[in-house]
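Heads up: the structure comes next, in structure tokens.
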Amino acid sequence: MSLPNAPAVDVRGVGKRYRLGQLHGGYQLLTETIAQRLRAIGQGREKPAEFWALRDVAFDVAQGETFGIVGHNGAGKSTLLKILSRVTPPTTGEVRLRGRVGALLEVGTGFHPELTGRENVYLNGAVLGMRRVEISRKFDEIVEFAEVRQFIDTPVKRYSSGMYLRLAFAVAAHLEPEILIVDEVLSVGDLAFQEKCLGRMERVAGEGRTVVFVSHNLPAVQKLCARALLLSKGRQVVVGPTRDVISEYVRSVRRDTATRLDDRADRQGSGRLRFRDVAFESAGARVDSPATGQDFEIVLGYETRDGRRPRNVNVAVSVSTILGELMLHLSTDTTGTIFRELPASGELRCSIPRCPLPAGQYTLNVWADAGGEVLDWVQHACELTVREGDFYGSGRGQPASHQAVLVDHEWSLSDGAQEPREDASTLASPGLGP
Amino acid sequence: MIRVAQQPAHLVGDGAHELRIVPPGRWGRFDLRELWTSRELLYFMAKREIQIRYKQSFFGVAWAVLQPLALTGLFTLFFGSKISTGGVPYPVFALAGLAPWIFVSAATSQGALSLVGDANLLSKVYFPRLVLPVAKTISLLLDLAIALVVLFVFGAAYGVSVGADALAIPGFLLLAVATALGLGTFLAAVNVKYRDVAVVIPLLVMIWLFATPVIYSGTAVGGWAQYVYAINPMVSVIGGIRWAYLGTAAPSGLGIAVSVATALVFLVGGIQYFRRTEAFFADFV
């Protein structure tokens, strides 16, 4: 028996060690392993390189609390999530979960294209730990929620991707464990459906269930969680009220962006090409901070190792708010540009006509790959401050709180009756008249 | 206290569902209770296997009938006149060997791929990992049942009369299931870590076929050699079914004991190895 007020989730000194090379599909070949062992007999044992993906993590979550886990990519969030959901065991420490656990690391896990919607609902429900009677009881509700009633006996391979996702979400959303562990799965799908899912999650949390929510979408964490944990490079930086966690997160982003890009060691990729600096230019001159509505260029200075010329290079820059909300993804992949062969060093330029971002502070992630090989990837490579500007040339300001991005638009009035106006009533409802 | 009272009773942690997650020990626990708790998942996974197999093949369920029949025809064509069967018509003789052989060889080779084939499930959700190879074997039991029905219809057509000895058939089938489960779980676990194992499995199954009296009769092996021969449990499975159903020479009790011992070693050893390594499957796939 545990105490009635014992925490629902109790994590003590949890760590996870991987052997290098084991992170992504670390399988081996038996023949190779035997050959290595034979060779090792003569030479003494060589210790394999190791890497702690998670180290000394400790926190607890009270019964009925909604708790957030945040951090940048590679901070150890998904490793922690996999330990909490028992997909992989910890190397050190202990976790206690008091209550029936349901974990959602992905929606539609176990969905098979050949099976019908109905068959997949039962299969997926069982995979997520639901009992058969429970699925039967909720079946109509799930189908209603997913809005796929007429296709429920059609193989899901004939579904549109929207329908597929909706059905997968619907099953997941009807999982009702005492402790729910969720990854950012709720951040896909169309907006209306997303709202529906978030609404359902809030309801679940309101019913006194314990929720552990893993995300790098800080506004969502802010909205759902009172307390949170910030992970960075496998270590826990801070646990406490979400507000404190978020300000620490922002401070850590600032520390990253304040470091010269050339000096940053926390980058991923082969390093065959390295970004050295990021600058902004407008009308051929360097600018510190472009204004909303101003044409500007992002200039990525790079160099290559050994002076070798990388071929077929893809470059991408993503622009996020300081809280990690993705605003723009600018990539050669989407524009169809290919850098067939790059000189040993130079500058890559991305030109953005009329900056669509409202005034504020943003961070840039930079990425380059060549034929599947990641060359260089730096998160929070630099900060971008956008000054207030006149996007529409109307002489009026744009309140930043009202929008995420600005787009060109025009207003006009068309007459519903297609005839010369005769009375004022048509004016009152433009375009909506019978 | 008020906070607790506001919550529905079943949501209050009372220690009934406490779960401890700790680093795995050196040895896995030979504990099948978890598999029993997940019997519904086992049912749905086995059902999925069957549905996909029949939906994806052109002949559908007919495949389970056609495969043993086609092989029987082929074997009869090439070996029918050359093999001594103790007076039993060769087609029935061959089919009685093929039905359990097709099951065990398929369960072994498909079982070996069961974890790798569902890598996504392993890395995204927890469930007792044994569900995957066990569901594969269970799903193939349906094909075995169909093959046996074909055998009995075929036998009746050839005028085989069934005696009381036929009651021993389920016992020999159980031996086949134990063999298939043991090898399937063991190879599935090995294959997660060492991906080149899958490549040699078809070759090993082929060698195993020749060491098993499917095409030929095993009764020619006598003396102490028959006990060495019986280390292959399929020798007793097929020899036993032919004796029980077709009245060929009875396998020796000691030979059956040797086969049962090997099958148990496969089953216990396979599951033990599986349980010992399963914690790390998600790190390898």
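Residues are referred to by chain and number: the chain letter is A, B, ... according to the order shown in the structure tokens, the number counts from 1 in that chain, and ligands are numbered separately from 1 in the order shown.
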
Given only C-alpha atoms, how would the per-residue table for chain B near chain A read, listing every residue at most 8 Å away with its closest atom pair and distance in Å to one decimal, sorted by chain and number, as a Markdown table?
| residue | atom | partner | partner_atom | distance |
| --- | --- | --- | --- | --- |
| B:Gln7 | CA | A:Gly208 | CA | 5.9 |
| B:Pro8 | CA | A:Gly208 | CA | 7.9 |
| B:Leu11 | CA | A:Glu178 | CA | 5.8 |
| B:Val12 | CA | A:Pro4 | CA | 7.6 |
| B:Gly13 | CA | A:Gly99 | CA | 5.5 |
| B:Asp14 | CA | A:Pro4 | CA | 6.3 |
| B:Gly15 | CA | A:Met1 | CA | 5.0 |
| B:Ala16 | CA | A:Met1 | CA | 7.4 |
| B:His17 | CA | A:Gly99 | CA | 4.8 |
| B:Glu18 | CA | A:Arg98 | CA | 4.3 |
| B:Leu19 | CA | A:Leu97 | CA | 5.0 |
| B:Arg20 | CA | A:Arg96 | CA | 4.6 |
| B:Ile21 | CA | A:Val95 | CA | 4.9 |
| B:Val22 | CA | A:Glu94 | CA | 4.9 |
| B:Pro23 | CA | A:Pro90 | CA | 5.2 |
| B:Pro24 | CA | A:Pro89 | CA | 6.9 |
| B:Glu40 | CA | A:Arg132 | CA | 6.9 |
| B:Leu41 | CA | A:Ala126 | CA | 5.2 |
| B:Phe44 | CA | A:Leu123 | CA | 5.8 |
| B:Met45 | CA | A:Leu123 | CA | 7.2 |
| B:Arg48 | CA | A:Leu123 | CA | 7.8 |
| B:Gln51 | CA | A:Leu115 | CA | 7.6 |
| B:Ile52 | CA | A:Glu114 | CA | 6.6 |
| B:Lys55 | CA | A:Glu114 | CA | 7.3 |
| B:Gln56 | CA | A:Glu114 | CA | 8.0 |
| B:Asn120 | CA | A:Thr109 | CA | 7.4 |
| B:Leu121 | CA | A:Gly110 | CA | 6.1 |
| B:Leu122 | CA | A:Val87 | CA | 7.0 |
| B:Ser123 | CA | A:Val87 | CA | 6.2 |
| B:Lys124 | CA | A:Leu105 | CA | 5.7 |
| B:Val125 | CA | A:Val87 | CA | 5.9 |
| B:Tyr126 | CA | A:Val87 | CA | 5.1 |
| B:Phe127 | CA | A:Val127 | CA | 7.1 |
| B:Val192 | CA | A:Tyr27 | CA | 6.7 |
| B:Lys193 | CA | A:Tyr27 | CA | 4.8 |
| B:Tyr194 | CA | A:Leu29 | CA | 4.7 |
| B:Arg195 | CA | A:Leu29 | CA | 5.7 |
| B:Asp196 | CA | A:Leu29 | CA | 5.4 |
| B:Val197 | CA | A:Leu30 | CA | 7.0 |
| B:Ala279 | CA | A:Pro89 | CA | 6.2 |
| B:Phe280 | CA | A:Thr88 | CA | 6.3 |
| B:Phe281 | CA | A:Thr88 | CA | 7.8 |
| B:Ala282 | CA | A:Thr88 | CA | 6.0 |
| B:Asp283 | CA | A:Gly26 | CA | 6.7 |
| B:Phe284 | CA | A:Gly26 | CA | 4.7 |
| B:Val285 | CA | A:Gly25 | CA | 5.0 |

For this session: From a DSSP pass on the backbone, collect the residues of region 65-249 of chain A flagged as strand (DSSP E or B) and hand them back as a PyMOL selection string.
Result: chain A and resi 66-71+92-98+101-104+116+155+179-182+210-214+227-232+235-241

Those residues you just picked out, can you put them in a file as a PDB file, in the first residue's frame with C-alpha atoms?
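Generated output (result-v9.pdb):
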ATOM      1  CA  THR A  66      -0.682  17.830 -15.725  1.00  0.00           C
ATOM      2  CA  PHE A  67       3.088  17.977 -16.016  1.00  0.00           C
ATOM      3  CA  GLY A  68       5.183  19.149 -18.967  1.00  0.00           C
ATOM      4  CA  ILE A  69       8.561  17.952 -20.174  1.00  0.00           C
ATOM      5  CA  VAL A  70      10.316  20.399 -22.472  1.00  0.00           C
ATOM      6  CA  GLY A  71      13.694  20.720 -24.139  1.00  0.00           C
ATOM      7  CA  THR A  92      20.175   3.542 -13.617  1.00  0.00           C
ATOM      8  CA  GLY A  93      17.507   4.706 -11.216  1.00  0.00           C
ATOM      9  CA  GLU A  94      13.905   3.846 -10.690  1.00  0.00           C
ATOM     10  CA  VAL A  95      10.460   4.975 -11.797  1.00  0.00           C
ATOM     11  CA  ARG A  96       7.254   4.296  -9.872  1.00  0.00           C
ATOM     12  CA  LEU A  97       3.923   4.727 -11.581  1.00  0.00           C
ATOM     13  CA  ARG A  98       0.884   4.538  -9.328  1.00  0.00           C
ATOM     14  CA  VAL A 101      -0.671   3.774 -17.441  1.00  0.00           C
ATOM     15  CA  GLY A 102      -1.428   4.656 -21.042  1.00  0.00           C
ATOM     16  CA  ALA A 103       1.288   6.004 -23.291  1.00  0.00           C
ATOM     17  CA  LEU A 104       0.898   7.719 -26.639  1.00  0.00           C
ATOM     18  CA  THR A 116     -10.654  -2.031 -42.315  1.00  0.00           C
ATOM     19  CA  PRO A 155      -9.563  -0.936 -45.681  1.00  0.00           C
ATOM     20  CA  ILE A 179      -1.786   8.176 -15.916  1.00  0.00           C
ATOM     21  CA  LEU A 180      -1.529   9.408 -19.496  1.00  0.00           C
ATOM     22  CA  ILE A 181       1.899   9.903 -21.051  1.00  0.00           C
ATOM     23  CA  VAL A 182       1.658  11.867 -24.296  1.00  0.00           C
ATOM     24  CA  THR A 210      -2.480  12.510 -14.258  1.00  0.00           C
ATOM     25  CA  VAL A 211      -0.988  13.680 -17.552  1.00  0.00           C
ATOM     26  CA  VAL A 212       2.676  13.855 -18.530  1.00  0.00           C
ATOM     27  CA  PHE A 213       2.970  15.953 -21.677  1.00  0.00           C
ATOM     28  CA  VAL A 214       6.177  16.029 -23.696  1.00  0.00           C
ATOM     29  CA  ARG A 227       4.591  22.498 -13.521  1.00  0.00           C
ATOM     30  CA  ALA A 228       7.239  21.353 -15.944  1.00  0.00           C
ATOM     31  CA  LEU A 229      10.741  19.979 -16.347  1.00  0.00           C
ATOM     32  CA  LEU A 230      13.413  21.369 -18.659  1.00  0.00           C
ATOM     33  CA  LEU A 231      15.935  18.932 -20.107  1.00  0.00           C
ATOM     34  CA  SER A 232      19.135  19.915 -21.831  1.00  0.00           C
ATOM     35  CA  ARG A 235      20.370  16.520 -17.792  1.00  0.00           C
ATOM     36  CA  GLN A 236      17.540  18.193 -15.996  1.00  0.00           C
ATOM     37  CA  VAL A 237      18.062  21.922 -15.816  1.00  0.00           C
ATOM     38  CA  VAL A 238      15.055  22.944 -13.783  1.00  0.00           C
ATOM     39  CA  VAL A 239      11.825  21.466 -12.392  1.00  0.00           C
ATOM     40  CA  GLY A 240       9.101  23.735 -11.127  1.00  0.00           C
ATOM     41  CA  PRO A 241       6.351  26.152 -12.090  1.00  0.00           C
TER      42      PRO A 241
END

Exercise. Region 82-224 of chain A: which residues are helix (DSSP H, G or I) by DSSP, as a PyMOL selection string?
Worked result: chain A and resi 82-84+117-127+132-146+149-151+156-158+161-173+184-187+191-206+218-224
